[in-house]
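One structure is given here, and the rest of the page talks about it.
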Amino acid sequence: MQVKPQARLKKSYMLITSVLLGVTSSNVMAQSEAEQTTEARAIEVISVSATKRVTTIRETPLAVTAFDQNALDTNHVLQLNDLQGIVPSLHIAQNGTQNTPMVYLRGIGSSDQTESGDPAVAFHVDGVYSARSQGASALMFDLEGAEILRGPQGTLFGRNATGGVVNLHTAKPKLDYFEANAEFTLGNYDRRATRAMVNLPLTETFAIRLAAAIDKSDGVVDMAPGSAMGKKYGSTDLAAARISAFWQPTDNFDWFLSYENFTDQGTGHIPTVSGGSKRSAYIQEPGFNDFVIDSLRTRANYNFDNGIMLSYIGGYTDSSRESVWDRSWTENRYEWGGCVECTHEATQHEFQLKNEDSARLQWMVGLFYFKENNSTHFDIVHPDSDWEGGNTPNPNLWSTYRQPDRGLKSNSIYAQSTYKLTDDFRISAGLRYTEDKRWDIGGRNIMCPNVKRTENLPLNSDYVGLLDPDNLLNGLAPNKHLAQPGQCWVDTYNDTSPSWDKTTGMARLEWDFSSTVMLYASYATGFKSGTIQDGGQYTGTGPFTKADLEAIIARNNNEAAGTNAYVAPEENTSIEIGFKGTFLDNSLQVFAALFSTEYTDLQVTSNVTTETGADLLRKTNAGKATINGLEVEAKWLVGRNGELNGTMAYLDAKYDRFFTTDSSYGADGIAFNPSAGNPNLPNLLDFSGNRLVQAPEFSMSLSYEHFFELANGATLRPRLRASYSSEIWFDPANRGDRPEGFRNLPYAADIDRQGAYTKLDASLVYQPTAGNWSLEAFVNNLTDKAIKSDQGRWNNNPVPNYMWQAPRTFGARVKVSFD
């Protein structure tokens with residue numbers, strides 16, 4: 001029997017209330033016991049800019065987790081992936097073709113990493129929005145801090161932040177002192193990593209900072225017998241360099257400017273059958289990736305004498321990618337693809353005006369402009385049969401996806417204010433109005449029936465250039481049925497130009513229960529822009545004319561008829577009650593957030609193969625979904641030398657209304673969901689009541705670190721961390737096990753599910769008495785647990801396949817600092 005959302009909400013609140021009562025009572029008991037043993041130690045105060053004003057994390061009325069560079073180093077965070085397990089409700093999957101993480105917060109994210117959509121978790125570096133989530137895979141080095149905001153951020157960070165926001169703040173040049181540091185890491189899989197920084201104050205008003213990072217390691221996927229030779233998949237080859245400058249000629253004005261170059265030449269990831277350190281796959285095309293990002297970021301602040309500050313935040317990003325990704329499974333199934341030329345260019349301008357932080361009425365207004373242009377040429381050579389109309393199989397059907405001009409322009413205006421009703425009560429409210437316009441001009445998906453593989457033929461060889469999407473009447477047939485023998489045809493015409501606008505907002509009440517405890521309650525709304533998908537086909541018998549193309553474009557933009565080549569925006573509303581407190585003379589810190597979020601038109605993405613053989617990312621709106629949950633973060637300085645950290649998240653995340661087709665099995669998908677059939681909708685399955693992807697019901701982490709003082713004054717710091725997660729689904733279908741004999745396939749367990757698991761990490765740091773260096777030994781995934789991060793693209797294969805979290809890795813790290 002399907003549980004109604006109201007009943008689930010009541011059940012969740014009962015559980016959450018009992019947990020909160022337990023946390024509160026345990027804090028009171030711990031206080032009397034620990035006061036006798038804890039000396040004058042205090043938890044380090046971390047400041048954040050989650051409200052676009054600098055506040056301590058305890059005083060920030062949001063569900064936000066923050067780390068400074070020391071905390072990131074302690075948790076071995078080098079990339080965004082490494083935050084998984086230490087941030088409540090954060091889960092990250094890997095994408096193979098784009099070699100980029102797919103970020104989910106509280107069960108909300110996006111598996112579409114292409115130019116046609118956007119992530120649901122917004123990513124910012126120094127206040128500059130990153131539209132292409134590939135930027136999130138950049139090395140996290142030389143940072144002032146990292147902030148992860150959970151829940152919709154529809155006012156201050158309104159651009160596609162329905163799931164949350166990740167803010168990275170790079171370390172700024174210091175005017176008053178010289179400093180430098182370096183770090184060297186060696187590990188298994190031939191891991192070699194280096195990070196270094198130097199801060200140079202050149203004058204009393206001007207300083208520059210140089211920072212760089214390199215991280216390389218061999219691949220973790222072995223070549224199955226019969227595979228081609230080459231670089232193993234799962235290899236890392238990342239490099240980044242940043243130069244930044246800070247100028248403060250007067251007390252009223254300062255200017256920050258940085259340039260950063262990032263390159264990724266790793267192989268990317270590939271789904272395999274086995275996990276842990278026994279991964280293997282049949283490879284016919286070794287992975288290749290050449291991804292370059294150049295970024296400029298700047299911020300200028302001017303403080304007027306009346307306490308008002310005017311700020312400009314600007315950014316420019318230019319990236320390009322060439323790649324090859326294998327999609328084969330046996331010697332007889334040859335399939336590969338990648339970017340021949342994929343480029344992205346983005347520009348941001350933001351103006352922000354706010355008054356001083358000490359004012360009883362704090363206010364802030366801002367203007368935001370963002371534009372991106374994408375050009376994509378992506379090819380796939382993949383198997384099929386009978387494409388020439390006869391009985392001869394053609395194992396090398398070729399698809400080419402040409403989107404020469406896909407882009408977005410977004411304009412918004414926002415305002416937010418906080419009023420101090422009394423010394424203990426504050427009320428906040430904010431609004432943001434957004435206008436988004438997307439376009440696809442000249443986008444074509446092209447199919448070719450008879451492209452044969454030749455030895456050493458590169459992906460971007462000359463034969464690719466023979467296809468000109470603009471030359472339909474000569475080089476390409478307008479559809480498959482009009483194609484001559486051996487001729488390529490246009491499968492879909494993707495031209496479209498949708499636009500949307502939305503007003504989102506926030507209201508919040510804050511109460512200082514005591515000098516160390518704050519409570520808050522908030523209501524917030526979020527908006528995620530609509531996304532483009534592949535358009536219509538030409539169904540005529542020719543000749544193909546300009547009028548025919550205009551008719552297809554009209555259908556691609558006809559939302560009323562349901563033929564639109566785009567998906568509607570995603571919207572949500574969230575109610576959150578929060579608790580933030582410190583106890584035991586600031587040696588115990590507990591943060592908790594109780595929330596309920598309702599989604600309308602939740603965007604869901606899956607892979608499908610059309611009747612003409614095209615492999616497409618298809619999107620749909622899932623109707624409605626509700627997410628109820630509780631998140632708890634705690635830190636306790638135990639005794640003189642111990643530190644205990646813990647996080648916990650409970651999520652009741654389910655689709656309330658979702659009628660769709662099974663992307664892998666079509667109508668046969670009812671075999672996995674017997675209750676999904678609906679006599680009134682015979683061609684659709686009812687996934688209502690299924691759990692959202694990447695949203696385990698329960699997850700937690702616990703770490704303990706202890707300082708041992710040696711006789712010579714040096715210290716040893718062992719650390720152990722355990723992370724636990726209940727089962728995780730990778731597909732809205734929640735298929736679970738595949739029955740025996742289904743489509744003549746053998747039984748298979750957990751084809752789109754990772755069962756409950758526990759992961760262990762350990763480290764040991766040696767710090768000399770007066771030295772400027774330290775030595776650390778570490779091992780991550782101590783037991784070499786095989787943990788799936790996502791299903792593979794082909795779960796209807798005889799043997800299911802998966803993407804995996806990292807196997808056991810270990811190594812040593814040396815840090816040296818100079819000042």
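Note on naming: chains are A, B, ... as they come in the structure tokens, residues start from 1 per chain, ligands start from 1 in the order shown.
Considering only region 30-183 of chain A, backbone DSSP assigns alpha helix (DSSP H) to Ala30, Gln31, Ser32, Glu33, Ala34, Gln69, Asn70, Ala71, Leu72, Asp73 and Thr74 of chain A.
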Put those residues in a file: N, CA and C atoms, as a PDB file, in the first residue's frame.
```
ATOM      1  N   ALA A  30      26.218  15.004  29.272  1.00  0.00           N
ATOM      2  CA  ALA A  30      27.650  15.071  28.962  1.00  0.00           C
ATOM      3  C   ALA A  30      28.304  16.259  29.635  1.00  0.00           C
ATOM      4  N   GLN A  31      27.515  17.339  29.824  1.00  0.00           N
ATOM      5  CA  GLN A  31      28.100  18.537  30.393  1.00  0.00           C
ATOM      6  C   GLN A  31      28.604  18.294  31.808  1.00  0.00           C
ATOM      7  N   SER A  32      27.822  17.629  32.648  1.00  0.00           N
ATOM      8  CA  SER A  32      28.232  17.414  34.030  1.00  0.00           C
ATOM      9  C   SER A  32      29.410  16.468  34.126  1.00  0.00           C
ATOM     10  N   GLU A  33      29.506  15.506  33.174  1.00  0.00           N
ATOM     11  CA  GLU A  33      30.582  14.535  33.231  1.00  0.00           C
ATOM     12  C   GLU A  33      31.884  15.097  32.682  1.00  0.00           C
ATOM     13  N   ALA A  34      31.764  15.887  31.614  1.00  0.00           N
ATOM     14  CA  ALA A  34      32.980  16.324  30.935  1.00  0.00           C
ATOM     15  C   ALA A  34      33.603  17.552  31.555  1.00  0.00           C
ATOM     16  N   GLN A  69      41.232  25.453   5.241  1.00  0.00           N
ATOM     17  CA  GLN A  69      42.186  24.606   4.534  1.00  0.00           C
ATOM     18  C   GLN A  69      42.745  23.514   5.438  1.00  0.00           C
ATOM     19  N   ASN A  70      42.959  23.805   6.720  1.00  0.00           N
ATOM     20  CA  ASN A  70      43.466  22.782   7.632  1.00  0.00           C
ATOM     21  C   ASN A  70      42.489  21.628   7.773  1.00  0.00           C
ATOM     22  N   ALA A  71      41.189  21.947   7.895  1.00  0.00           N
ATOM     23  CA  ALA A  71      40.183  20.898   8.010  1.00  0.00           C
ATOM     24  C   ALA A  71      40.074  20.096   6.717  1.00  0.00           C
ATOM     25  N   LEU A  72      40.210  20.759   5.575  1.00  0.00           N
ATOM     26  CA  LEU A  72      40.202  20.042   4.300  1.00  0.00           C
ATOM     27  C   LEU A  72      41.386  19.086   4.217  1.00  0.00           C
ATOM     28  N   ASP A  73      42.564  19.543   4.655  1.00  0.00           N
ATOM     29  CA  ASP A  73      43.747  18.683   4.626  1.00  0.00           C
ATOM     30  C   ASP A  73      43.579  17.490   5.558  1.00  0.00           C
ATOM     31  N   THR A  74      43.047  17.728   6.746  1.00  0.00           N
ATOM     32  CA  THR A  74      42.853  16.652   7.706  1.00  0.00           C
ATOM     33  C   THR A  74      41.941  15.571   7.150  1.00  0.00           C
TER      34      THR A  74
END
```
**Message:** Residues within 10 Å of Ile427 (chain A), please, as a ChimeraX atom specification. Count only C-alpha atoms; anything in the same chain fewer than 3 positions from it doesn't count.
**Reply:** /A:361,417-422,507-511,520-522
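Shell of region 87-90 of chain A at 7 Å, with only C-alpha atoms counted and residues fewer than 3 places along the chain excluded, is Thr65, Leu83, Gln84, Tyr104, Leu105, Arg106, Glu631, Thr647, Met648 and Ala649 of chain A.
Of the residues listed (A:Arg321, A:Ala281, A:Trp363, A:Ala762), A:Trp363 shows the shortest atom-to-atom separation from Ile308 (chain A); distances use only C-alpha atoms.
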**Message:** Can you measure CA of Leu764 (chain A) to CA of Pro718 (chain A) for me? One decimal in Å is fine.
**Reply:** 4.2 Å
Give me, as a JSON list (two decimals) with N, CA, C and O atoms, in the first residue's frame, all polymer residues having an atom no more than 9 Å from Leu62 (chain A), counting only C-alpha atoms and skipping those fewer than 3 positions away in the same chain.
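Once written, out-v5.json looks like this:
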```json
[["chain", "number", "residue", "atom", "x", "y", "z"],
["A", 50, "ALA", "N", 27.96, 32.65, 3.86],
["A", 50, "ALA", "CA", 26.77, 32.02, 3.29],
["A", 50, "ALA", "C", 25.62, 32.99, 3.14],
["A", 50, "ALA", "O", 24.73, 32.79, 2.31],
["A", 51, "THR", "N", 25.60, 34.05, 3.94],
["A", 51, "THR", "CA", 24.57, 35.09, 3.81],
["A", 51, "THR", "C", 25.09, 36.31, 3.05],
["A", 51, "THR", "O", 24.46, 37.36, 3.05],
["A", 57, "ILE", "N", 30.00, 30.46, 11.85],
["A", 57, "ILE", "CA", 29.11, 29.40, 11.40],
["A", 57, "ILE", "C", 28.00, 29.15, 12.42],
["A", 57, "ILE", "O", 26.87, 28.80, 12.05],
["A", 59, "GLU", "N", 26.51, 31.40, 14.19],
["A", 59, "GLU", "CA", 25.57, 32.51, 14.10],
["A", 59, "GLU", "C", 24.88, 32.57, 12.74],
["A", 59, "GLU", "O", 24.06, 33.47, 12.51],
["A", 149, "LEU", "N", 26.12, 24.73, 1.35],
["A", 149, "LEU", "CA", 24.80, 25.16, 1.83],
["A", 149, "LEU", "C", 23.77, 24.18, 1.33],
["A", 149, "LEU", "O", 23.69, 23.89, 0.13],
["A", 150, "ARG", "N", 22.94, 23.67, 2.24],
["A", 150, "ARG", "CA", 21.96, 22.65, 1.87],
["A", 150, "ARG", "C", 20.55, 23.25, 1.84],
["A", 150, "ARG", "O", 20.20, 24.08, 2.67],
["A", 151, "GLY", "N", 19.78, 22.79, 0.85],
["A", 151, "GLY", "CA", 18.43, 23.32, 0.68],
["A", 151, "GLY", "C", 18.41, 24.45, -0.33],
["A", 151, "GLY", "O", 19.44, 24.98, -0.73],
["A", 520, "TYR", "N", 16.33, 28.83, 14.63],
["A", 520, "TYR", "CA", 15.79, 29.57, 13.50],
["A", 520, "TYR", "C", 14.73, 28.73, 12.79],
["A", 520, "TYR", "O", 14.73, 27.49, 12.87],
["A", 522, "SER", "N", 12.72, 28.82, 8.87],
["A", 522, "SER", "CA", 12.74, 29.52, 7.58],
["A", 522, "SER", "C", 11.82, 28.85, 6.58],
["A", 522, "SER", "O", 11.51, 27.65, 6.67],
["A", 576, "GLU", "N", 12.24, 24.82, 7.08],
["A", 576, "GLU", "CA", 13.37, 24.31, 7.85],
["A", 576, "GLU", "C", 13.38, 24.92, 9.26],
["A", 576, "GLU", "O", 13.16, 26.12, 9.42],
["A", 578, "GLY", "N", 15.98, 25.05, 12.54],
["A", 578, "GLY", "CA", 17.38, 24.77, 12.84],
["A", 578, "GLY", "C", 17.75, 25.08, 14.27],
["A", 578, "GLY", "O", 17.12, 25.91, 14.94],
["A", 593, "ALA", "N", 19.26, 20.40, 11.76],
["A", 593, "ALA", "CA", 18.28, 21.01, 10.86],
["A", 593, "ALA", "C", 17.20, 19.98, 10.55],
["A", 593, "ALA", "O", 17.49, 18.86, 10.15]]
```
**Item:** Which of A:Tyr316, A:Tyr401, A:Tyr259, A:Tyr302 sits closest to Asn355 (chain A) [using only C-alpha atoms]
**Value:** A:Tyr302
**Message:** Need to verify the contact set: region 434-447 of chain A, 9 Å, only C-alpha atoms, exclusion of same-chain residues closer than 6 positions in sequence. Can you return it as a ChimeraX atom specification?
**Reply:** /A:116,158-159,397-414,467,469-470,476,480,488-504,527,529-532,534-535,612-614
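The neighbours of Met309 (chain A) here are the residues that come within 12 Å of it, using only C-alpha atoms and leaving out any residue fewer than 4 positions away in the same chain; they are Arg53, Asn252, Phe253, Asp254, Ala300, Asn301, Tyr302, Asn303, Phe304, Asp305, Phe351, Gln352, Leu353, Lys354, Asn355, Glu356, Asp357, Gln362, Trp363, Met364, Val365 and Gly366 of chain A.
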**Message:** Report as an NGL selection string all protein, DNA and RNA residues lying within 6 Å of Leu782 (chain A), evaluated on only C-alpha atoms, omitting residues in the same chain fewer than 2 positions from it.
**Reply:** :A and (760-761 or 779-780 or 784 or 808)
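Distance annotation: of A:Ile148, A:Ile86, A:Leu594, A:Leu80, the residue with the minimal separation from Ser49 (chain A) is A:Ile148; atom set is only C-alpha atoms.
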**Asked** For Gly107 (chain A), which residue out of A:Phe370, A:Tyr599, A:Phe67, A:Phe184 is the nearest one, using only C-alpha atoms?
**Response** A:Tyr599
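Ranking A:Leu630, A:Leu296, A:Val166, A:Gly85 by their shortest atom-to-atom distance to Val103 (chain A), with only C-alpha atoms included, puts A:Val166 first.
The coordinates place CA of Asn621 (chain A) at 7.0 Å from CA of Ala568 (chain A).
Nearest to Trp773 (chain A) of all the residues A:Ser428, A:Gly581, A:Ala182, A:Phe659 is A:Ala182, based on only C-alpha atoms.
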